[in-house]
file data-v5.cif (mmCIF, C-alpha atoms)
data_coords
#
loop_
_atom_site.label_atom_id
_atom_site.label_comp_id
_atom_site.auth_asym_id
_atom_site.auth_seq_id
_atom_site.Cartn_x
_atom_site.Cartn_y
_atom_site.Cartn_z
CA MET M 1 116.89 15.01 153.76
CA SER M 2 118.55 16.62 150.74
CA ALA M 3 119.13 20.36 150.47
CA PHE M 4 116.60 20.55 147.64
CA GLU M 5 113.97 18.73 149.71
CA THR M 6 114.57 21.08 152.64
CA LEU M 7 114.24 24.13 150.39
CA PHE M 8 111.13 22.71 148.74
CA LYS M 9 109.46 22.23 152.12
CA GLN M 10 110.23 25.88 153.00
CA GLY M 11 108.53 27.11 149.84
CA LYS M 12 105.18 28.77 149.33
CA ASN M 13 102.47 27.64 146.97
CA THR M 14 101.46 29.91 144.10
CA ALA M 15 98.56 31.55 145.95
CA GLU M 16 100.74 32.34 148.97
CA PHE M 17 103.45 33.76 146.73
CA ILE M 18 101.02 36.00 144.84
CA ALA M 19 99.36 37.14 148.07
CA SER M 20 102.73 38.44 149.27
CA GLY M 21 102.73 41.14 146.59
CA THR M 22 101.38 44.66 146.52
CA PRO M 23 98.03 45.26 144.77
CA GLU M 24 99.93 46.60 141.75
CA GLN M 25 102.26 43.58 141.60
CA ILE M 26 99.31 41.19 141.94
CA ALA M 27 97.43 42.99 139.16
CA ASP M 28 100.47 42.80 136.88
CA LEU M 29 100.90 39.07 137.49
CA GLN M 30 97.17 38.52 136.90
CA ARG M 31 97.47 40.37 133.58
CA TRP M 32 100.04 37.79 132.44
CA GLN M 33 97.79 34.98 133.71
CA ALA M 34 94.93 36.31 131.57
CA MET M 35 97.20 36.65 128.55
CA LEU M 36 98.39 33.06 129.01
CA ALA M 37 94.77 31.86 129.13
CA SER M 38 94.29 33.28 125.62
CA GLN M 39 97.20 31.21 124.23
CA SER M 40 95.61 27.76 124.55
CA GLU M 41 96.98 26.31 121.31
CA ALA M 42 100.58 27.19 122.20
CA VAL M 43 100.05 25.95 125.77
CA GLU M 44 98.74 22.57 124.58
CA LYS M 45 101.74 22.12 122.30
CA ALA M 46 104.12 23.11 125.13
CA LEU M 47 102.53 20.68 127.60
CA ALA M 48 102.71 17.66 125.27
CA PRO M 49 106.25 16.41 126.07
CA ALA M 50 105.67 16.48 129.85
CA GLN M 51 102.32 14.73 129.50
CA GLN M 52 104.19 11.65 128.28
CA ALA M 53 106.61 11.56 131.23
CA ALA M 54 106.08 9.01 133.97
CA GLY M 55 106.64 9.77 137.63
CA ARG M 56 106.35 12.74 139.93
CA PHE M 57 108.27 15.96 139.50
CA ARG M 58 108.75 19.16 141.46
CA LEU M 59 109.58 22.71 140.50
CA LEU M 60 111.59 24.54 143.13
CA VAL M 61 111.35 28.15 142.04
CA ALA M 62 113.31 31.15 143.30
CA ALA M 63 111.18 34.24 142.68
CA GLU M 64 110.21 37.64 144.06
CA MET M 65 106.93 39.51 143.62
CA TRP M 66 108.72 42.73 142.64
CA CYS M 67 110.32 41.06 139.60
CA PRO M 68 108.72 41.57 136.14
CA ASP M 69 110.26 38.33 134.79
CA CYS M 70 108.66 36.47 137.70
CA HIS M 71 105.29 38.04 136.84
CA ARG M 72 105.64 36.65 133.30
CA ASN M 73 106.97 33.20 134.19
CA ILE M 74 105.20 32.13 137.40
CA PRO M 75 101.76 31.88 135.67
CA PRO M 76 103.05 29.42 133.02
CA MET M 77 104.81 27.38 135.71
CA ALA M 78 101.65 27.32 137.82
CA LEU M 79 99.56 26.31 134.80
CA LEU M 80 101.95 23.45 134.07
CA CYS M 81 101.43 22.19 137.63
CA GLN M 82 97.64 22.62 137.41
CA ARG M 83 97.38 20.73 134.15
CA LEU M 84 99.77 17.92 135.07
CA PRO M 85 98.93 16.54 138.52
CA GLY M 86 102.27 14.72 138.81
CA ILE M 87 104.07 18.06 139.11
CA GLU M 88 104.07 20.31 142.15
CA MET M 89 105.73 23.66 142.75
CA ALA M 90 107.18 25.48 145.74
CA ILE M 91 108.40 29.08 145.56
CA ILE M 92 111.23 30.41 147.69
CA THR M 93 112.85 33.83 147.81
CA ARG M 94 116.10 34.67 146.08
CA ASP M 95 117.79 34.86 149.50
CA GLN M 96 116.52 31.38 150.42
CA ALA M 97 117.85 30.12 147.07
CA GLN M 98 121.46 31.14 147.69
CA PRO M 99 122.42 27.44 148.12
CA PHE M 100 121.66 27.08 144.37
CA ILE M 101 125.02 28.75 143.70
CA GLU M 102 126.93 25.82 145.18
CA LEU M 103 124.37 23.08 144.47
CA LEU M 104 123.96 23.97 140.79
CA GLY M 105 127.29 25.62 140.06
CA VAL M 106 125.76 28.94 138.97
CA ASP M 107 127.44 32.32 139.46
CA LYS M 108 124.37 33.90 141.04
CA VAL M 109 120.67 33.30 141.50
CA LYS M 110 118.80 35.03 138.68
CA ILE M 111 115.03 35.10 139.10
CA PRO M 112 112.91 33.35 138.35
CA MET M 113 115.04 30.24 138.56
CA ALA M 114 113.17 26.94 138.49
CA VAL M 115 115.00 23.74 139.38
CA VAL M 116 113.17 20.73 137.97
CA LEU M 117 113.48 17.86 140.47
CA ASP M 118 112.52 14.20 140.21
CA GLU M 119 110.74 12.19 142.93
CA ALA M 120 113.98 11.84 144.91
CA PHE M 121 114.66 15.62 144.72
CA THR M 122 117.47 15.08 142.22
CA PRO M 123 117.86 18.05 139.84
CA LEU M 124 117.04 17.24 136.22
CA GLY M 125 117.54 20.71 134.77
CA VAL M 126 117.09 24.42 135.37
CA PHE M 127 115.02 27.21 133.84
CA ILE M 128 116.78 30.53 134.42
CA GLU M 129 115.04 33.91 134.10
CA ARG M 130 113.64 33.68 130.55
CA PRO M 131 112.82 31.00 127.97
CA ALA M 132 115.76 29.71 125.92
CA SER M 133 114.24 31.14 122.73
CA VAL M 134 114.54 34.61 124.28
CA VAL M 135 117.96 34.10 125.85
CA ASN M 136 119.35 32.75 122.57
CA GLY M 137 117.25 34.96 120.34
CA ASN M 138 117.52 38.45 118.95
CA ALA M 139 115.97 41.79 119.89
CA GLU M 140 112.74 40.83 118.13
CA GLN M 141 112.40 37.73 120.35
CA LEU M 142 113.01 39.85 123.43
CA GLU M 143 110.30 42.31 122.41
CA ALA M 144 107.84 39.47 121.74
CA TYR M 145 108.64 38.13 125.21
CA ARG M 146 108.09 41.54 126.78
CA ARG M 147 104.70 41.79 125.03
CA GLY M 148 103.70 38.41 126.47
CA GLU M 149 103.62 36.55 123.18
CA LEU M 150 106.01 33.81 124.35
CA LEU M 151 104.47 32.78 127.68
CA ALA M 152 104.01 29.18 126.54
CA GLU M 153 107.77 29.00 125.86
CA THR M 154 108.32 28.80 129.63
CA ILE M 155 106.08 25.72 129.74
CA SER M 156 107.86 24.31 126.69
CA ASP M 157 111.32 24.68 128.27
CA ILE M 158 110.29 23.03 131.54
CA SER M 159 108.27 20.36 129.73
CA ALA M 160 111.38 19.45 127.71
CA ILE M 161 113.41 19.03 130.92
CA ILE M 162 110.73 16.74 132.39
CA ALA M 163 110.48 14.69 129.19
CA ALA M 164 114.25 14.22 128.77
#

call {"tool": "encode", "arguments": {"input": "data-v5.cif", "output": "structure tokens"}}
result
Amino acid sequence: MSAFETLFKQGKNTAEFIASGTPEQIADLQRWQAMLASQSEAVEKALAPAQQAAGRFRLLVAAEMWCPDCHRNIPPMALLCQRLPGIEMAIITRDQAQPFIELLGVDKVKIPMAVVLDEAFTPLGVFIERPASVVNGNAEQLEAYRRGELLAETISDISAIIAA
């Protein structure tokens, strides 16, 4: 069994992850879920590349319920898995994800960090902390992200990895 498969089997599903939070953390994450639900056009566009991909995929996500970036990004990841039945997700803690440092050659585990895996648990790519448009963007992009206007960008980034 590969290290990624072992970690995936240790993970929680979305409901278990959310249930581990405080009432305030859960309410914050649910606020982002509701905001994402209002962005259906952007979500449909973001899902399109992954809808064309054949096979099964997995998202192994390092996240914590205290993390605001996780509150913003877990709902889009969960929606991707809901809408595309060939994709499943498991969420592990940042401490459990420490093997990512060696396995992926990263300096540290930033959260959320989603490793996109194929059927054989081979990594295809990684989403780290925020969508690429925010990481590579300017202050205006960061503010739009903080307001929740770029939630579908998380789906778009992961969809592009799956479709590649």

call {"tool": "residues_around", "arguments": {"input": "data-v5.cif", "residues": "Pro85 of chain M", "least_positions_apart": "4", "cutoff": "9 Å", "atoms": "all atoms listed in the file", "output": "ChimeraX atom specification"}}
result
/M:56,80-81

call {"tool": "write_last_selection", "arguments": {"input": "data-v5.cif", "atoms": "C-alpha atoms", "output": "PDB file, keeping the file's coordinate frame"}}
result
ATOM      1  CA  ARG M  56     106.350  12.740 139.930  1.00  0.00           C
ATOM      2  CA  LEU M  80     101.950  23.450 134.070  1.00  0.00           C
ATOM      3  CA  CYS M  81     101.430  22.190 137.630  1.00  0.00           C
TER       4      CYS M  81
END

call {"tool": "resolve_selection", "arguments": {"input": "data-v5.cif", "expression": "the PyMOL selection byres ((chain M and resi 70-74) around 7)", "output": "ChimeraX atom specification"}}
result
/M:28-29,32,63-65,67-69,75-78,111-112,151,154

call {"tool": "closest_residue", "arguments": {"input": "data-v5.cif", "among": "M:Ala34, M:Leu84, M:Val106, M:Ala144", "to": "Gln51 of chain M", "atoms": "only C-alpha atoms"}}
result
M:Leu84

call {"tool": "resolve_selection", "arguments": {"input": "data-v5.cif", "expression": "the PyMOL selection byres ((chain M and resi 95) around 10)", "output": "PDB file with C-alpha atoms, keeping the file's coordinate frame"}}
result
ATOM      1  CA  ALA M  62     113.310  31.150 143.300  1.00  0.00           C
ATOM      2  CA  ALA M  63     111.180  34.240 142.680  1.00  0.00           C
ATOM      3  CA  GLU M  64     110.210  37.640 144.060  1.00  0.00           C
ATOM      4  CA  ILE M  92     111.230  30.410 147.690  1.00  0.00           C
ATOM      5  CA  THR M  93     112.850  33.830 147.810  1.00  0.00           C
ATOM      6  CA  ARG M  94     116.100  34.670 146.080  1.00  0.00           C
ATOM      7  CA  GLN M  96     116.520  31.380 150.420  1.00  0.00           C
ATOM      8  CA  ALA M  97     117.850  30.120 147.070  1.00  0.00           C
ATOM      9  CA  GLN M  98     121.460  31.140 147.690  1.00  0.00           C
ATOM     10  CA  PRO M  99     122.420  27.440 148.120  1.00  0.00           C
ATOM     11  CA  VAL M 109     120.670  33.300 141.500  1.00  0.00           C
TER      12      VAL M 109
END

call {"tool": "closest_residue", "arguments": {"input": "data-v5.cif", "among": "M:Leu79, M:Ala152, M:Leu47, M:Ala164", "to": "Arg130 of chain M", "atoms": "all atoms listed in the file"}}
result
M:Ala152

call {"tool": "decode", "arguments": {"input": "data-v5.cif", "residues": "segment 4-24 of chain M", "atoms": "N, CA and C atoms", "output": "CSV table (one decimal), in the first residue's frame"}}
result
chain,number,residue,atom,x,y,z
M,4,PHE,N,0.3,7.4,0.1
M,4,PHE,CA,-0.9,8.2,-0.2
M,4,PHE,C,-2.1,7.4,0.1
M,5,GLU,N,-2.1,6.1,-0.3
M,5,GLU,CA,-3.3,5.3,0.0
M,5,GLU,C,-3.5,5.1,1.5
M,6,THR,N,-2.4,4.9,2.2
M,6,THR,CA,-2.5,4.8,3.7
M,6,THR,C,-3.1,6.1,4.3
M,7,LEU,N,-2.6,7.3,3.9
M,7,LEU,CA,-3.1,8.5,4.4
M,7,LEU,C,-4.6,8.7,4.0
M,8,PHE,N,-4.9,8.4,2.8
M,8,PHE,CA,-6.3,8.5,2.3
M,8,PHE,C,-7.3,7.7,3.2
M,9,LYS,N,-6.9,6.5,3.5
M,9,LYS,CA,-7.7,5.7,4.3
M,9,LYS,C,-7.9,6.2,5.8
M,10,GLN,N,-6.9,7.0,6.2
M,10,GLN,CA,-7.0,7.6,7.5
M,10,GLN,C,-7.9,8.8,7.6
M,11,GLY,N,-8.2,9.3,6.4
M,11,GLY,CA,-8.9,10.6,6.3
M,11,GLY,C,-10.4,10.5,6.7
M,12,LYS,N,-10.9,11.7,6.9
M,12,LYS,CA,-12.3,11.9,7.3
M,12,LYS,C,-13.1,12.3,6.0
M,13,ASN,N,-14.4,12.0,6.0
M,13,ASN,CA,-15.2,12.6,4.9
M,13,ASN,C,-15.5,14.1,5.3
M,14,THR,N,-16.2,14.8,4.4
M,14,THR,CA,-16.5,16.2,4.6
M,14,THR,C,-17.3,16.4,5.8
M,15,ALA,N,-18.4,15.6,6.0
M,15,ALA,CA,-19.3,15.8,7.1
M,15,ALA,C,-18.5,15.6,8.5
M,16,GLU,N,-17.7,14.6,8.5
M,16,GLU,CA,-16.9,14.3,9.7
M,16,GLU,C,-15.9,15.4,10.0
M,17,PHE,N,-15.3,16.0,9.0
M,17,PHE,CA,-14.4,17.1,9.1
M,17,PHE,C,-15.1,18.3,9.7
M,18,ILE,N,-16.2,18.6,9.1
M,18,ILE,CA,-17.0,19.8,9.5
M,18,ILE,C,-17.5,19.6,11.0
M,19,ALA,N,-17.9,18.4,11.3
M,19,ALA,CA,-18.5,18.2,12.6
M,19,ALA,C,-17.4,18.3,13.7
M,20,SER,N,-16.1,18.3,13.3
M,20,SER,CA,-15.0,18.4,14.3
M,20,SER,C,-14.8,19.9,14.7
M,21,GLY,N,-15.5,20.8,14.1
M,21,GLY,CA,-15.3,22.2,14.4
M,21,GLY,C,-16.2,22.7,15.5
M,22,THR,N,-15.9,23.9,16.0
M,22,THR,CA,-16.7,24.6,16.9
M,22,THR,C,-18.0,25.1,16.2
M,23,PRO,N,-19.0,25.5,16.9
M,23,PRO,CA,-20.2,26.0,16.3
M,23,PRO,C,-19.9,27.3,15.4
M,24,GLU,N,-19.0,28.1,15.9
M,24,GLU,CA,-18.6,29.3,15.1
M,24,GLU,C,-17.8,28.9,13.8
